[in-house]
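Peer 1: Provided herewith is a single structure, encoded as structure tokens, for subsequent inquiry.
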Amino acid sequence: MEITVAGVALDVAVADSVDERRTGLMGVTDLGDLDGMIFLHDVAGRVSYSMQNTLIPLDIWFIDASGVIVGTAEMEPCETTLCPSYVSPEPVDRVLETPLGVYEFEVGDRVELGSS
């Protein structure tokens with residue numbers, strides 16, 4: 001799917017089912033031509049993400065129902081069974097993960113979903 005974040009076009013994988021959201025980027029060592037992954041939730045709510053079994057460092061962008069980034073965090077791979085959780089600061093229905101340090105999006109930036 002193509003999305004636009006603060007005017008920057010990204011080509012991202014989509015996780016829009018429970019299983020896809022649960023698996024996310026686990027085990028992925030290279031995104032190839034993709035700029036990241038967007039997680040689409042059925043309803044807005046406070047969400048929590050972990051780096052369990054995720055091998056590449058990521059930035060996480062929490063996006064509310066109006067398409068605005070409301071929070072972000074830097075996430076490092078976790079090699080233990082007790083990994084930290086990254087919780088949205090308020091209800092969101094979309095979450096974007098991108099390679100760590102590649103993009104400089106900010107809280108307040110707008111995210112627009114494009115075509116699949």
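Identifiers in the structure tokens: chain A, B, ... in order shown; residue index from 1 per chain; ligand index from 1 in order shown.
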Which residues are close to stretch 77-79 of chain A, i.e. within 10 Å by only C-alpha atoms, leaving aside same-chain residues fewer than 3 positions away? Reply as number ranges by chain.
Peer 2: A: 26, 50-58, 82-84
Peer 1: Out of stretch 16-74 of chain A, which residues get strand (DSSP E or B) from DSSP, as a list in words?
Peer 2: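 Answer for stretch 16-74 of chain A, restricted to strand (DSSP E or B): Met26, Gly36, Met37, Ile38, Phe39, Leu40, His41, Asp42, Val43, Ala44, Gly45, Ser48, Tyr49, Ser50, Gln52, Thr54, Leu58, Asp59, Ile60, Trp61, Phe62, Ile63, Val68, Ile69, Val70, Gly71, Thr72, Ala73 and Glu74 of chain A.
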Peer 1: Suppose we keep N, CA and C atoms; can you now write the selection as a PDB file, in the first residue's frame?
Peer 2:
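Final file, selection.pdb:
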```pdb
ATOM      1  N   MET A  26       8.142  -9.660  12.749  1.00  0.00           N
ATOM      2  CA  MET A  26       8.933 -10.699  13.425  1.00  0.00           C
ATOM      3  C   MET A  26       9.718 -11.511  12.406  1.00  0.00           C
ATOM      4  N   GLY A  36       8.331   0.160   5.188  1.00  0.00           N
ATOM      5  CA  GLY A  36       7.851  -0.173   6.527  1.00  0.00           C
ATOM      6  C   GLY A  36       6.594  -1.009   6.468  1.00  0.00           C
ATOM      7  N   MET A  37       5.880  -1.018   7.581  1.00  0.00           N
ATOM      8  CA  MET A  37       4.618  -1.752   7.678  1.00  0.00           C
ATOM      9  C   MET A  37       3.613  -0.888   8.420  1.00  0.00           C
ATOM     10  N   ILE A  38       2.377  -0.873   7.909  1.00  0.00           N
ATOM     11  CA  ILE A  38       1.301  -0.181   8.608  1.00  0.00           C
ATOM     12  C   ILE A  38       0.339  -1.224   9.168  1.00  0.00           C
ATOM     13  N   PHE A  39      -0.022  -1.026  10.420  1.00  0.00           N
ATOM     14  CA  PHE A  39      -0.945  -1.903  11.120  1.00  0.00           C
ATOM     15  C   PHE A  39      -2.286  -1.179  11.202  1.00  0.00           C
ATOM     16  N   LEU A  40      -3.325  -1.788  10.653  1.00  0.00           N
ATOM     17  CA  LEU A  40      -4.656  -1.197  10.646  1.00  0.00           C
ATOM     18  C   LEU A  40      -5.530  -1.951  11.639  1.00  0.00           C
ATOM     19  N   HIS A  41      -5.995  -1.241  12.651  1.00  0.00           N
ATOM     20  CA  HIS A  41      -6.847  -1.844  13.685  1.00  0.00           C
ATOM     21  C   HIS A  41      -8.313  -1.584  13.353  1.00  0.00           C
ATOM     22  N   ASP A  42      -9.176  -2.512  13.738  1.00  0.00           N
ATOM     23  CA  ASP A  42     -10.609  -2.396  13.437  1.00  0.00           C
ATOM     24  C   ASP A  42     -11.268  -1.233  14.166  1.00  0.00           C
ATOM     25  N   VAL A  43     -10.822  -0.978  15.385  1.00  0.00           N
ATOM     26  CA  VAL A  43     -11.367   0.126  16.180  1.00  0.00           C
ATOM     27  C   VAL A  43     -10.217   0.853  16.860  1.00  0.00           C
ATOM     28  N   ALA A  44     -10.434   2.126  17.148  1.00  0.00           N
ATOM     29  CA  ALA A  44      -9.415   2.901  17.847  1.00  0.00           C
ATOM     30  C   ALA A  44      -9.371   2.487  19.314  1.00  0.00           C
ATOM     31  N   GLY A  45      -8.167   2.420  19.838  1.00  0.00           N
ATOM     32  CA  GLY A  45      -7.976   2.093  21.245  1.00  0.00           C
ATOM     33  C   GLY A  45      -6.509   2.254  21.594  1.00  0.00           C
ATOM     34  N   SER A  48      -0.524  -1.686  22.299  1.00  0.00           N
ATOM     35  CA  SER A  48       0.803  -1.957  22.824  1.00  0.00           C
ATOM     36  C   SER A  48       1.555  -2.844  21.845  1.00  0.00           C
ATOM     37  N   TYR A  49       2.792  -2.472  21.543  1.00  0.00           N
ATOM     38  CA  TYR A  49       3.628  -3.237  20.629  1.00  0.00           C
ATOM     39  C   TYR A  49       4.907  -3.643  21.354  1.00  0.00           C
ATOM     40  N   SER A  50       5.481  -4.758  20.912  1.00  0.00           N
ATOM     41  CA  SER A  50       6.708  -5.287  21.490  1.00  0.00           C
ATOM     42  C   SER A  50       7.663  -5.657  20.364  1.00  0.00           C
ATOM     43  N   GLN A  52       9.489  -8.410  20.496  1.00  0.00           N
ATOM     44  CA  GLN A  52       9.742  -9.849  20.648  1.00  0.00           C
ATOM     45  C   GLN A  52       9.972 -10.480  19.277  1.00  0.00           C
ATOM     46  N   THR A  54      11.704  -9.627  16.875  1.00  0.00           N
ATOM     47  CA  THR A  54      11.894  -8.675  15.784  1.00  0.00           C
ATOM     48  C   THR A  54      13.380  -8.370  15.692  1.00  0.00           C
ATOM     49  N   LEU A  58      13.485  -0.364  14.847  1.00  0.00           N
ATOM     50  CA  LEU A  58      12.371   0.320  14.198  1.00  0.00           C
ATOM     51  C   LEU A  58      11.977   1.599  14.931  1.00  0.00           C
ATOM     52  N   ASP A  59      11.422   2.531  14.182  1.00  0.00           N
ATOM     53  CA  ASP A  59      10.658   3.641  14.752  1.00  0.00           C
ATOM     54  C   ASP A  59       9.204   3.223  14.690  1.00  0.00           C
ATOM     55  N   ILE A  60       8.446   3.577  15.716  1.00  0.00           N
ATOM     56  CA  ILE A  60       7.007   3.307  15.711  1.00  0.00           C
ATOM     57  C   ILE A  60       6.285   4.648  15.781  1.00  0.00           C
ATOM     58  N   TRP A  61       5.243   4.755  14.972  1.00  0.00           N
ATOM     59  CA  TRP A  61       4.457   5.984  14.863  1.00  0.00           C
ATOM     60  C   TRP A  61       3.005   5.624  15.154  1.00  0.00           C
ATOM     61  N   PHE A  62       2.440   6.176  16.228  1.00  0.00           N
ATOM     62  CA  PHE A  62       1.054   5.915  16.604  1.00  0.00           C
ATOM     63  C   PHE A  62       0.164   6.978  15.949  1.00  0.00           C
ATOM     64  N   ILE A  63      -0.878   6.528  15.235  1.00  0.00           N
ATOM     65  CA  ILE A  63      -1.697   7.415  14.400  1.00  0.00           C
ATOM     66  C   ILE A  63      -3.161   7.318  14.826  1.00  0.00           C
ATOM     67  N   VAL A  68      -3.560  11.587  12.321  1.00  0.00           N
ATOM     68  CA  VAL A  68      -2.478  12.410  12.859  1.00  0.00           C
ATOM     69  C   VAL A  68      -1.583  11.569  13.771  1.00  0.00           C
ATOM     70  N   ILE A  69      -0.267  11.737  13.620  1.00  0.00           N
ATOM     71  CA  ILE A  69       0.675  11.054  14.519  1.00  0.00           C
ATOM     72  C   ILE A  69       0.542  11.668  15.907  1.00  0.00           C
ATOM     73  N   VAL A  70       0.245  10.814  16.901  1.00  0.00           N
ATOM     74  CA  VAL A  70       0.048  11.284  18.275  1.00  0.00           C
ATOM     75  C   VAL A  70       1.148  10.806  19.216  1.00  0.00           C
ATOM     76  N   GLY A  71       2.044   9.960  18.722  1.00  0.00           N
ATOM     77  CA  GLY A  71       3.143   9.477  19.554  1.00  0.00           C
ATOM     78  C   GLY A  71       4.133   8.698  18.715  1.00  0.00           C
ATOM     79  N   THR A  72       5.337   8.568  19.231  1.00  0.00           N
ATOM     80  CA  THR A  72       6.385   7.838  18.536  1.00  0.00           C
ATOM     81  C   THR A  72       7.375   7.294  19.549  1.00  0.00           C
ATOM     82  N   ALA A  73       8.128   6.293  19.145  1.00  0.00           N
ATOM     83  CA  ALA A  73       9.178   5.726  19.996  1.00  0.00           C
ATOM     84  C   ALA A  73      10.206   5.047  19.111  1.00  0.00           C
ATOM     85  N   GLU A  74      11.413   4.928  19.639  1.00  0.00           N
ATOM     86  CA  GLU A  74      12.467   4.161  18.985  1.00  0.00           C
ATOM     87  C   GLU A  74      12.501   2.785  19.628  1.00  0.00           C
TER      88      GLU A  74
END
```
Peer 1: Could you tell me how far atom CA of A:Gly114 lies from atom CA of A:Val92, in Å and to one decimal?
Peer 2: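 It comes out at 18.3 Å.
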Peer 1: If we count only C-alpha atoms and set the cut-off at 10 Å, which residues sit around A:Tyr103, ignoring sequence neighbours fewer than 2 positions away in its own chain? Please answer as an NGL selection string.
Peer 2: :A and (5 or 8 or 35 or 59 or 98-101 or 105-106)
Peer 1: Take the residues from that selection and write them out as a PDB file, in the first residue's frame, keeping all heavy atoms.
Peer 2:
```pdb
ATOM      1  N   VAL A   5       3.130  10.379   4.454  1.00  0.00           N
ATOM      2  CA  VAL A   5       3.338  10.891   5.807  1.00  0.00           C
ATOM      3  C   VAL A   5       4.050  12.235   5.686  1.00  0.00           C
ATOM      4  O   VAL A   5       5.159  12.299   5.141  1.00  0.00           O
ATOM      5  CB  VAL A   5       4.186   9.926   6.667  1.00  0.00           C
ATOM      6  CG1 VAL A   5       4.304  10.454   8.090  1.00  0.00           C
ATOM      7  CG2 VAL A   5       3.603   8.518   6.647  1.00  0.00           C
ATOM      8  N   VAL A   8       5.548  12.801   2.432  1.00  0.00           N
ATOM      9  CA  VAL A   8       6.517  11.817   1.953  1.00  0.00           C
ATOM     10  C   VAL A   8       5.779  10.528   1.593  1.00  0.00           C
ATOM     11  O   VAL A   8       5.084   9.954   2.441  1.00  0.00           O
ATOM     12  CB  VAL A   8       7.589  11.521   3.025  1.00  0.00           C
ATOM     13  CG1 VAL A   8       8.550  10.442   2.548  1.00  0.00           C
ATOM     14  CG2 VAL A   8       8.337  12.796   3.398  1.00  0.00           C
ATOM     15  N   ASP A  35       9.152   0.446   2.636  1.00  0.00           N
ATOM     16  CA  ASP A  35       9.580   1.489   3.570  1.00  0.00           C
ATOM     17  C   ASP A  35       9.137   1.204   4.998  1.00  0.00           C
ATOM     18  O   ASP A  35       9.505   1.942   5.914  1.00  0.00           O
ATOM     19  CB  ASP A  35       9.013   2.845   3.125  1.00  0.00           C
ATOM     20  CG  ASP A  35       9.517   3.228   1.743  1.00  0.00           C
ATOM     21  OD1 ASP A  35      10.749   3.235   1.547  1.00  0.00           O
ATOM     22  OD2 ASP A  35       8.679   3.492   0.858  1.00  0.00           O
ATOM     23  N   ASP A  59      11.422   2.531  14.182  1.00  0.00           N
ATOM     24  CA  ASP A  59      10.658   3.641  14.752  1.00  0.00           C
ATOM     25  C   ASP A  59       9.204   3.223  14.690  1.00  0.00           C
ATOM     26  O   ASP A  59       8.770   2.594  13.716  1.00  0.00           O
ATOM     27  CB  ASP A  59      10.836   4.926  13.936  1.00  0.00           C
ATOM     28  CG  ASP A  59      12.159   5.624  14.198  1.00  0.00           C
ATOM     29  OD1 ASP A  59      12.536   5.761  15.379  1.00  0.00           O
ATOM     30  OD2 ASP A  59      12.814   6.047  13.224  1.00  0.00           O
ATOM     31  N   THR A  98       8.751   1.869  10.794  1.00  0.00           N
ATOM     32  CA  THR A  98       9.733   2.142   9.747  1.00  0.00           C
ATOM     33  C   THR A  98      11.122   1.855  10.304  1.00  0.00           C
ATOM     34  O   THR A  98      11.309   1.837  11.527  1.00  0.00           O
ATOM     35  CB  THR A  98       9.657   3.609   9.276  1.00  0.00           C
ATOM     36  OG1 THR A  98       9.899   4.480  10.388  1.00  0.00           O
ATOM     37  CG2 THR A  98       8.313   3.929   8.642  1.00  0.00           C
ATOM     38  N   PRO A  99      12.115   1.649   9.428  1.00  0.00           N
ATOM     39  CA  PRO A  99      13.469   1.419   9.923  1.00  0.00           C
ATOM     40  C   PRO A  99      13.934   2.585  10.807  1.00  0.00           C
ATOM     41  O   PRO A  99      13.683   3.755  10.491  1.00  0.00           O
ATOM     42  CB  PRO A  99      14.310   1.330   8.648  1.00  0.00           C
ATOM     43  CG  PRO A  99      13.339   0.945   7.572  1.00  0.00           C
ATOM     44  CD  PRO A  99      12.043   1.603   7.959  1.00  0.00           C
ATOM     45  N   LEU A 100      14.586   2.256  11.879  1.00  0.00           N
ATOM     46  CA  LEU A 100      15.025   3.259  12.856  1.00  0.00           C
ATOM     47  C   LEU A 100      15.896   4.331  12.212  1.00  0.00           C
ATOM     48  O   LEU A 100      16.850   4.033  11.498  1.00  0.00           O
ATOM     49  CB  LEU A 100      15.804   2.568  13.980  1.00  0.00           C
ATOM     50  CG  LEU A 100      16.253   3.461  15.131  1.00  0.00           C
ATOM     51  CD1 LEU A 100      15.042   3.952  15.917  1.00  0.00           C
ATOM     52  CD2 LEU A 100      17.201   2.717  16.044  1.00  0.00           C
ATOM     53  N   GLY A 101      15.521   5.592  12.460  1.00  0.00           N
ATOM     54  CA  GLY A 101      16.327   6.725  12.048  1.00  0.00           C
ATOM     55  C   GLY A 101      16.234   7.153  10.599  1.00  0.00           C
ATOM     56  O   GLY A 101      16.893   8.117  10.197  1.00  0.00           O
ATOM     57  N   PHE A 105       9.624  12.044  10.948  1.00  0.00           N
ATOM     58  CA  PHE A 105       8.258  12.493  11.157  1.00  0.00           C
ATOM     59  C   PHE A 105       8.107  12.946  12.602  1.00  0.00           C
ATOM     60  O   PHE A 105       8.878  12.564  13.475  1.00  0.00           O
ATOM     61  CB  PHE A 105       7.268  11.365  10.845  1.00  0.00           C
ATOM     62  CG  PHE A 105       7.446  10.770   9.466  1.00  0.00           C
ATOM     63  CD1 PHE A 105       7.459   9.398   9.288  1.00  0.00           C
ATOM     64  CD2 PHE A 105       7.597  11.573   8.346  1.00  0.00           C
ATOM     65  CE1 PHE A 105       7.619   8.832   8.030  1.00  0.00           C
ATOM     66  CE2 PHE A 105       7.753  11.032   7.077  1.00  0.00           C
ATOM     67  CZ  PHE A 105       7.770   9.651   6.924  1.00  0.00           C
ATOM     68  N   GLU A 106       7.078  13.756  12.851  1.00  0.00           N
ATOM     69  CA  GLU A 106       6.861  14.308  14.185  1.00  0.00           C
ATOM     70  C   GLU A 106       5.409  14.165  14.598  1.00  0.00           C
ATOM     71  O   GLU A 106       4.512  14.046  13.751  1.00  0.00           O
ATOM     72  CB  GLU A 106       7.235  15.793  14.188  1.00  0.00           C
ATOM     73  CG  GLU A 106       8.677  16.068  13.857  1.00  0.00           C
ATOM     74  CD  GLU A 106       8.998  17.558  13.838  1.00  0.00           C
ATOM     75  OE1 GLU A 106       8.079  18.387  14.038  1.00  0.00           O
ATOM     76  OE2 GLU A 106      10.174  17.893  13.617  1.00  0.00           O
TER      77      GLU A 106
END
```
Peer 1: Mind pulling up the distance from atom CA of A:Gly32 to atom CA of A:Gly67?
Peer 2: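 That distance, rounded to one decimal, is 26.0 Å.
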Peer 1: Could you pull out the alpha helix (DSSP H) residues of stretch 19-71 of chain A from DSSP and send them as a list in words?
Peer 2: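 Taking stretch 19-71 of chain A and keeping alpha helix (DSSP H) gives Asp19, Glu20, Arg21, Arg22 and Thr23 of chain A.
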Peer 1: Can you spit out the residues from that selection as a CSV table (one decimal), in the first residue's frame, using N, CA, C and O atoms?
Peer 2:
```csv
chain,number,residue,atom,x,y,z
A,19,ASP,N,-4.0,-11.9,13.1
A,19,ASP,CA,-2.7,-12.7,12.9
A,19,ASP,C,-1.6,-11.9,12.3
A,19,ASP,O,-0.5,-11.9,12.7
A,20,GLU,N,-1.9,-11.1,11.3
A,20,GLU,CA,-0.9,-10.2,10.7
A,20,GLU,C,-0.4,-9.2,11.6
A,20,GLU,O,0.8,-8.9,11.7
A,21,ARG,N,-1.3,-8.6,12.4
A,21,ARG,CA,-0.8,-7.6,13.4
A,21,ARG,C,0.0,-8.3,14.5
A,21,ARG,O,1.0,-7.7,15.0
A,22,ARG,N,-0.3,-9.5,14.9
A,22,ARG,CA,0.4,-10.2,15.9
A,22,ARG,C,1.8,-10.5,15.4
A,22,ARG,O,2.8,-10.4,16.2
A,23,THR,N,2.0,-10.9,14.2
A,23,THR,CA,3.3,-11.3,13.6
A,23,THR,C,4.1,-10.1,13.2
A,23,THR,O,5.3,-10.1,13.5
```
Peer 1: Calculated over only C-alpha atoms, which of the candidates A:Val47, A:Met75, A:Pro89, A:Arg94 has the smallest distance to A:Val111?
Peer 2: A:Arg94
Peer 1: For the atom pair atom CA of A:Leu113 and atom CA of A:Leu96, what is the interatomic distance in Å to one decimal place?
Peer 2: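 For atom CA of A:Leu113 relative to atom CA of A:Leu96, the distance reads 11.2 Å.
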Peer 1: Looking at A:Glu112, A:Glu97, A:Glu90, A:Glu2, which one is nearest to A:Ser66, with distances taken over only C-alpha atoms?
Peer 2: A:Glu112
